[in-house]
$ cat start-v5.cif   # mmCIF, C-alpha atoms
data_protein
loop_
_atom_site.label_atom_id
_atom_site.label_comp_id
_atom_site.auth_asym_id
_atom_site.auth_seq_id
_atom_site.Cartn_x
_atom_site.Cartn_y
_atom_site.Cartn_z
CA MET J 1 66.95 122.02 253.43
CA GLU J 2 66.05 118.51 252.35
CA LYS J 3 67.92 115.75 254.15
CA THR J 4 69.96 113.33 252.08
CA LYS J 5 68.33 109.92 252.06
CA VAL J 6 70.27 106.90 253.27
CA THR J 7 70.34 104.13 250.70
CA ALA J 8 70.86 100.43 251.34
CA LYS J 9 74.32 100.86 249.83
CA ASP J 10 75.20 103.55 252.39
CA PHE J 11 73.98 101.47 255.30
CA PHE J 12 75.81 98.27 254.38
CA LEU J 13 79.01 100.05 253.40
CA TRP J 14 79.19 101.76 256.79
CA ALA J 15 78.04 98.66 258.67
CA GLY J 16 80.60 96.49 256.90
CA ALA J 17 83.35 99.04 257.45
CA MET J 18 82.65 99.29 261.19
CA VAL J 19 82.45 95.52 261.67
CA ALA J 20 85.72 95.04 259.76
CA LEU J 21 87.36 97.82 261.78
CA TYR J 22 86.26 96.56 265.21
CA TRP J 23 87.08 92.95 264.40
CA SER J 24 90.53 93.73 263.02
CA VAL J 25 91.40 96.04 265.94
CA ILE J 26 90.30 93.47 268.52
CA SER J 27 92.29 90.80 266.66
CA PHE J 28 95.34 93.07 266.67
CA ILE J 29 95.08 93.62 270.42
CA PHE J 30 94.67 89.93 271.22
CA LEU J 31 97.49 89.03 268.82
CA VAL J 32 99.88 91.33 270.66
CA PHE J 33 98.54 89.94 273.96
CA ASN J 34 99.59 86.48 272.78
CA TYR J 35 103.03 87.79 271.90
CA ILE J 36 103.34 89.27 275.40
CA ASP J 37 102.16 86.04 277.07
CA TYR J 38 104.67 84.04 275.03
CA THR J 39 107.55 86.42 275.79
CA TYR J 40 106.66 86.64 279.50
CA PRO J 41 105.19 83.24 280.39
CA ASP J 42 103.23 83.00 283.62
CA ALA J 43 105.13 80.83 286.09
CA LEU J 44 101.81 79.79 287.67
CA SER J 45 100.35 78.54 284.41
CA TYR J 46 100.19 74.75 284.27
CA THR J 47 98.67 74.46 280.82
CA PRO J 48 101.15 75.89 278.31
CA THR J 49 99.90 75.60 274.76
CA ASP J 50 101.07 76.05 271.21
CA PRO J 51 100.50 79.76 270.45
CA TYR J 52 99.06 78.91 267.03
CA GLN J 53 96.47 76.75 268.78
CA SER J 54 95.48 79.54 271.19
CA GLY J 55 94.07 81.98 268.65
CA VAL J 56 97.16 83.41 266.97
CA GLY J 57 96.32 81.90 263.58
CA HIS J 58 92.75 83.21 263.69
CA GLU J 59 93.91 86.66 264.78
CA MET J 60 96.50 86.88 262.01
CA ALA J 61 93.97 85.75 259.42
CA SER J 62 91.43 88.28 260.68
CA ILE J 63 93.88 91.16 260.33
CA ILE J 64 95.06 90.05 256.89
CA VAL J 65 91.49 89.81 255.56
CA LEU J 66 89.48 92.40 257.47
CA PHE J 67 91.82 95.37 257.66
CA PRO J 68 92.27 95.61 253.86
CA LEU J 69 88.50 95.08 253.57
CA TYR J 70 87.96 98.07 255.88
CA LEU J 71 90.26 100.21 253.73
CA VAL J 72 88.42 99.20 250.56
CA LEU J 73 85.00 99.94 252.07
CA MET J 74 86.16 103.32 253.36
CA TRP J 75 87.59 104.11 249.92
CA LEU J 76 84.17 103.42 248.40
CA ILE J 77 82.51 105.58 251.03
CA ARG J 78 84.95 108.43 250.46
CA ARG J 79 84.45 108.18 246.72
CA ASP J 80 80.69 108.55 247.12
CA MET J 81 81.14 111.53 249.46
CA HIS J 82 83.51 113.16 246.96
CA ARG J 83 80.89 112.80 244.23
CA ASP J 84 78.08 113.94 246.50
CA PRO J 85 79.29 116.04 249.51
CA SER J 86 75.80 115.86 251.06
CA ARG J 87 76.50 112.22 251.95
CA LYS J 88 78.79 113.48 254.73
CA ASN J 89 75.67 114.42 256.69
CA ILE J 90 73.73 111.16 256.44
CA TRP J 91 72.69 109.73 259.78
CA VAL J 92 74.43 106.37 259.32
CA ARG J 93 77.81 108.13 259.06
CA ARG J 94 77.18 110.22 262.15
CA TRP J 95 76.01 107.20 264.10
CA ALA J 96 79.04 105.15 263.02
CA LEU J 97 81.49 107.88 264.03
CA ILE J 98 79.79 108.69 267.33
CA LEU J 99 79.41 105.01 268.21
CA THR J 100 83.12 104.50 267.58
CA LEU J 101 83.94 107.50 269.78
CA PHE J 102 81.74 106.06 272.52
CA VAL J 103 83.38 102.61 272.28
CA THR J 104 86.93 103.98 272.28
CA GLY J 105 86.16 106.43 275.09
CA ALA J 106 84.61 103.69 277.21
CA THR J 107 87.60 101.44 276.49
CA ILE J 108 89.99 104.12 277.72
CA ALA J 109 87.96 104.57 280.90
CA VAL J 110 87.77 100.83 281.62
CA ASP J 111 91.48 100.42 280.89
CA LEU J 112 92.42 103.14 283.36
CA ILE J 113 90.01 101.72 285.96
CA THR J 114 91.66 98.31 285.57
CA LEU J 115 95.10 99.85 286.09
CA LEU J 116 94.08 101.85 289.16
CA THR J 117 92.18 98.92 290.66
CA ALA J 118 95.27 96.74 290.39
CA PHE J 119 97.33 99.52 291.99
CA PHE J 120 94.97 100.13 294.92
CA ASN J 121 94.49 96.40 295.55
CA GLY J 122 98.22 95.93 295.81
CA THR J 123 98.25 93.61 292.83
CA SER J 124 101.70 93.05 291.40
CA LEU J 125 102.04 95.40 288.43
CA THR J 126 104.05 93.03 286.29
CA GLU J 127 105.58 93.94 282.96
CA PRO J 128 103.06 91.85 280.94
CA PHE J 129 100.14 93.53 282.73
CA LEU J 130 101.51 97.03 282.17
CA PHE J 131 102.30 96.27 278.51
CA LYS J 132 98.72 95.11 277.93
CA VAL J 133 97.24 98.13 279.67
CA ALA J 134 99.48 100.46 277.65
CA LEU J 135 98.58 98.69 274.40
CA VAL J 136 94.83 99.00 274.94
CA LEU J 137 95.23 102.64 276.01
CA LEU J 138 97.28 103.57 272.94
CA VAL J 139 95.00 101.78 270.47
CA ALA J 140 91.82 103.24 271.98
CA ALA J 141 93.31 106.75 272.22
CA ALA J 142 94.50 106.61 268.61
CA GLY J 143 91.04 105.50 267.46
CA PHE J 144 89.34 108.21 269.49
CA MET J 145 91.54 110.97 268.06
CA HIS J 146 91.25 109.68 264.49
CA PHE J 147 87.46 109.56 264.44
CA THR J 148 87.14 112.82 266.33
CA ALA J 149 89.17 114.43 263.57
CA ASP J 150 86.95 112.72 260.99
CA LEU J 151 83.80 114.02 262.67
CA TRP J 152 85.19 117.59 262.68
CA GLY J 153 86.26 117.38 259.04
CA TYR J 154 89.99 117.53 259.78
CA TRP J 155 90.88 114.84 257.24
CA ASP J 156 88.96 116.69 254.51
CA GLN J 157 91.23 119.68 255.06
CA PHE J 158 94.43 117.62 255.15
CA PRO J 159 93.93 114.55 252.91
CA GLN J 160 97.67 113.88 252.64
CA ARG J 161 97.95 113.50 256.40
CA LYS J 162 95.07 111.07 256.34
CA LEU J 163 96.81 109.07 253.61
CA SER J 164 100.01 109.01 255.69
CA VAL J 165 98.09 107.74 258.73
CA GLY J 166 96.47 104.99 256.65
CA ILE J 167 99.83 103.89 255.24
CA GLY J 168 101.36 103.93 258.73
CA VAL J 169 98.59 101.77 260.18
CA GLY J 170 98.91 99.35 257.26
CA ILE J 171 102.65 99.06 257.82
CA LEU J 172 102.05 98.49 261.55
CA ALA J 173 99.65 95.62 260.79
CA VAL J 174 102.13 93.98 258.40
CA VAL J 175 105.05 94.39 260.81
CA THR J 176 102.98 92.96 263.68
CA ILE J 177 102.18 89.80 261.72
CA ILE J 178 105.74 89.34 260.46
CA ALA J 179 107.11 89.92 263.98
CA GLY J 180 105.08 86.93 265.15
CA PHE J 181 107.15 84.63 262.94
CA PHE J 182 110.26 85.75 264.82
CA ILE J 183 108.65 85.78 268.27
CA ILE J 184 106.70 82.50 268.27
CA GLY J 185 107.91 80.84 265.07
CA THR J 186 106.40 80.20 261.67
CA PRO J 187 103.30 78.04 261.04
CA MET J 188 105.62 75.39 259.57
CA GLN J 189 107.54 75.26 262.83
CA ALA J 190 104.26 75.01 264.71
CA ARG J 191 103.25 72.09 262.50
CA ALA J 192 106.55 70.36 263.22
CA TYR J 193 105.99 70.89 266.94
CA GLN J 194 102.53 69.31 266.69
CA TYR J 195 104.16 66.23 265.20
CA ASP J 196 106.63 66.24 268.09
CA GLN J 197 103.80 66.56 270.62
CA GLN J 198 102.05 63.59 269.02
CA LYS J 199 105.26 61.58 269.28
CA VAL J 200 105.52 62.38 272.98
CA ASN J 201 101.88 61.34 273.47
CA ASP J 202 102.55 58.09 271.61
CA LEU J 203 105.62 57.35 273.72
CA GLN J 204 103.65 57.99 276.90
CA ALA J 205 100.97 55.58 275.72
CA ILE J 206 103.59 52.95 274.85
CA GLN J 207 105.22 53.41 278.26
CA ASN J 208 101.90 52.82 280.02
CA GLU J 209 101.26 49.68 277.95
CA VAL J 210 104.73 48.35 278.79
CA ILE J 211 104.10 48.89 282.50
CA MET J 212 100.71 47.18 282.31
CA TYR J 213 102.24 44.27 280.39
CA TRP J 214 104.90 43.87 283.07
CA GLN J 215 102.29 43.93 285.83
CA GLN J 216 100.23 41.26 284.09
CA THR J 217 103.05 38.94 283.00
CA GLY J 218 105.93 39.70 285.36
CA LYS J 219 108.28 40.47 282.46
CA LEU J 220 108.90 43.19 279.91
CA PRO J 221 107.66 42.70 276.34
CA SER J 222 110.37 41.57 273.95
CA SER J 223 109.12 43.98 271.27
CA LEU J 224 106.36 46.53 270.70
CA ALA J 225 104.49 44.05 268.52
CA THR J 226 104.00 41.92 271.63
CA LEU J 227 101.79 44.68 273.08
CA ASN J 228 99.26 44.51 270.23
CA ASP J 229 96.07 42.90 271.47
CA LEU J 230 93.08 43.03 269.14
CA THR J 231 90.85 41.52 271.82
CA SER J 232 91.32 44.49 274.18
CA GLY J 233 91.80 46.96 271.34
CA VAL J 234 95.44 47.74 272.08
CA VAL J 235 97.38 48.78 268.97
CA VAL J 236 100.84 50.24 269.38
CA PRO J 237 100.91 53.65 267.65
CA ALA J 238 103.41 54.44 264.91
CA ASP J 239 105.10 57.73 264.08
CA GLU J 240 102.45 59.69 262.14
CA GLN J 241 105.08 61.83 260.43
CA THR J 242 107.21 59.00 259.05
CA GLY J 243 104.88 56.01 259.33
CA LYS J 244 107.65 54.03 261.06
CA GLN J 245 107.45 52.18 264.34
CA TYR J 246 109.07 53.69 267.40
CA GLU J 247 112.28 52.14 268.68
CA TYR J 248 112.01 50.02 271.82
CA ASP J 249 114.74 48.06 273.65
CA VAL J 250 114.84 46.04 276.85
CA LEU J 251 117.76 47.08 279.06
CA GLY J 252 117.18 44.74 282.01
CA LYS J 253 114.49 42.99 284.02
CA LEU J 254 112.87 46.30 284.93
CA ALA J 255 114.50 48.78 282.57
CA PHE J 256 113.63 49.70 278.98
CA LYS J 257 113.96 52.58 276.59
CA ILE J 258 111.74 54.04 273.91
CA CYS J 259 113.01 56.35 271.18
CA ALA J 260 111.72 58.74 268.54
CA THR J 261 113.11 61.26 266.07
CA PHE J 262 112.01 64.83 266.81
CA ASN J 263 111.95 67.85 264.53
CA SER J 264 113.12 70.36 267.10
CA GLU J 265 113.84 70.98 270.74
CA THR J 266 110.91 71.18 273.13
CA PRO J 267 109.63 74.79 272.94
CA ALA J 268 110.04 76.92 276.04
CA TYR J 269 106.28 77.28 276.50
CA ALA J 270 105.86 73.49 276.60
CA ILE J 271 108.70 72.53 278.94
CA THR J 272 106.49 72.73 282.04
CA GLN J 273 103.95 70.38 280.48
CA ASN J 274 106.51 67.92 279.15
CA GLU J 275 108.47 67.78 282.40
CA LEU J 276 105.51 66.75 284.50
CA SER J 277 106.35 63.60 286.43
CA VAL J 278 105.23 60.39 284.74
CA PRO J 279 103.94 57.28 286.59
CA VAL J 280 107.29 55.59 287.14
CA ALA J 281 109.80 55.97 289.90
CA PRO J 282 112.89 58.19 289.56
CA GLN J 283 115.76 56.49 287.80
CA ALA J 284 119.13 56.40 289.54
CA VAL J 285 122.02 57.67 287.43
CA GLY J 286 125.24 57.29 289.37
CA GLN J 287 124.77 59.11 292.66
CA GLN J 288 122.13 61.48 291.23
CA SER J 289 118.41 60.88 290.98
CA VAL J 290 116.65 62.41 287.98
CA VAL J 291 112.91 62.57 287.48
CA ASP J 292 111.67 61.11 284.22
CA SER J 293 111.03 63.85 281.70
CA TRP J 294 109.69 64.16 278.19
CA TYR J 295 111.93 67.07 277.33
CA HIS J 296 113.69 66.40 274.03
CA ALA J 297 116.23 67.95 271.70
CA ALA J 298 116.08 67.85 267.91
CA GLY J 299 116.94 64.53 266.26
CA ASP J 300 117.01 61.05 267.76
CA GLN J 301 116.02 61.02 271.43
CA CYS J 302 115.65 58.03 273.76
CA PHE J 303 113.88 57.92 277.11
CA THR J 304 115.10 55.34 279.61
CA ARG J 305 112.55 54.09 282.12
CA ASN J 306 112.91 51.89 285.21
CA ILE J 307 109.80 50.31 286.75
CA ASP J 308 109.52 50.38 290.53
CA PRO J 309 107.87 47.09 291.65
CA ALA J 310 106.90 48.66 294.98
CA ARG J 311 104.72 51.20 293.21
CA TYR J 312 103.60 48.95 290.36
CA PRO J 313 103.53 45.41 291.71
CA SER J 314 103.04 42.48 289.40
CA VAL J 315 99.52 41.04 289.43
CA LYS J 316 100.55 37.79 287.75
CA ALA J 317 98.62 34.92 289.33
#
$ encode --input "start-v5.cif" --output "structure tokens"
Amino acid sequence: MEKTKVTAKDFFLWAGAMVALYWSVISFIFLVFNYIDYTYPDALSYTPTDPYQSGVGHEMASIIVLFPLYLVLMWLIRRDMHRDPSRKNIWVRRWALILTLFVTGATIAVDLITLLTAFFNGTSLTEPFLFKVALVLLVAAAGFMHFTADLWGYWDQFPQRKLSVGIGVGILAVVTIIAGFFIIGTPMQARAYQYDQQKVNDLQAIQNEVIMYWQQTGKLPSSLATLNDLTSGVVVPADEQTGKQYEYDVLGKLAFKICATFNSETPAYAITQNELSVPVAPQAVGQQSVVDSWYHAAGDQCFTRNIDPARYPSVKA
């Protein structure tokens, strides 16, 4: 019996389908990983970041583009096999299916080894870790069973079941992306937070310039414009979102406040970063000492600062 020849069309259809499948599945796994990390933040992490800046946007875009592309390519492949049943036996199809079985089988093995290693080493089996292990196991097992059935011709015998599985996976992908908007917020909210982060960075820069000005002159600047120095390249930043200058007021010989208008409250994943101690001494409020913080609520927010001369002595000649 003469073997069916593999055409360039066959090769690139299968190659494109497998690349789209692997890429979209990996993106799905890492997207859910990000959801888990956001829901269960690591208390030992000192570098919290905006989820949309840590790969979420790329992962969502990959799923939105590549998973439908995989479905289209497989539809073209199935159409060709329906017209010419001999194309089911071409080597590129067998290699693609067997390679996928190998990858999913190896993933299951590695996943279980990771779980058992953590158990035997006495590593804390936290909820995020177990969720991630379970996710990888379920995805790999589902892929292994699906392509095993394809290799054995199960889906040819029950095409309606195959259609139901495809619709279910499509719905899962859509629900996963939409769920992210409820878990970590929408891209618009992320954009608003980036503006807020820039405002905090600007206020920190202004605070440092005020302290340096006091050290050099022995007094606080009367206004932010006083800090501008073209010779040394110091230009007081303005609010990028509104284009307006930040509010600044002198409260005493050593005390001042700087204010900005924020879009929203500091996100939970950024509180650790924003509450890091800044280079000024704690400010006494009544009988209680509070450490300076950049945590903010939505709307107008002012930060009162009090310079400690013992820590930042004046260098005025």
$ closest_atom_pairs --input "start-v5.cif" --of "stretch 139-179 of chain J" --to "stretch 15-24 of chain J" --cutoff "12 Å" --atoms "all atoms listed in the file" --output "JSON lines"
{"residue": "J:Val139", "atom": "CA", "partner": "J:Tyr22", "partner_atom": "CA", "distance": 11.5}
{"residue": "J:Ala140", "atom": "CA", "partner": "J:Tyr22", "partner_atom": "CA", "distance": 11.0}
{"residue": "J:Gly143", "atom": "CA", "partner": "J:Leu21", "partner_atom": "CA", "distance": 10.2}
{"residue": "J:Phe147", "atom": "CA", "partner": "J:Met18", "partner_atom": "CA", "distance": 11.8}
{"residue": "J:Val169", "atom": "CA", "partner": "J:Ser24", "partner_atom": "CA", "distance": 11.7}
{"residue": "J:Gly170", "atom": "CA", "partner": "J:Ser24", "partner_atom": "CA", "distance": 11.6}
{"residue": "J:Ala173", "atom": "CA", "partner": "J:Ser24", "partner_atom": "CA", "distance": 9.6}
$ atom_distance --input "start-v5.cif" --atom1 "atom CA of J:Gly218" --atom2 "atom CA of J:Ser314"
5.7 Å
$ resolve_selection --input "start-v5.cif" --expression "the PyMOL selection byres ((chain J and resi 194-209) around 9)" --output "PyMOL selection string"
chain J and resi 50+189-193+210-214+224+227+234+236-241+246+257-264+266+274+278-279+294+303+305
$ resolve_selection --input "start-v5.cif" --expression "the PyMOL selection byres ((chain J and resi 7) around 12)" --output "MDAnalysis selection string"
chainID J and resid 4:6 8:14 80 87 90:93
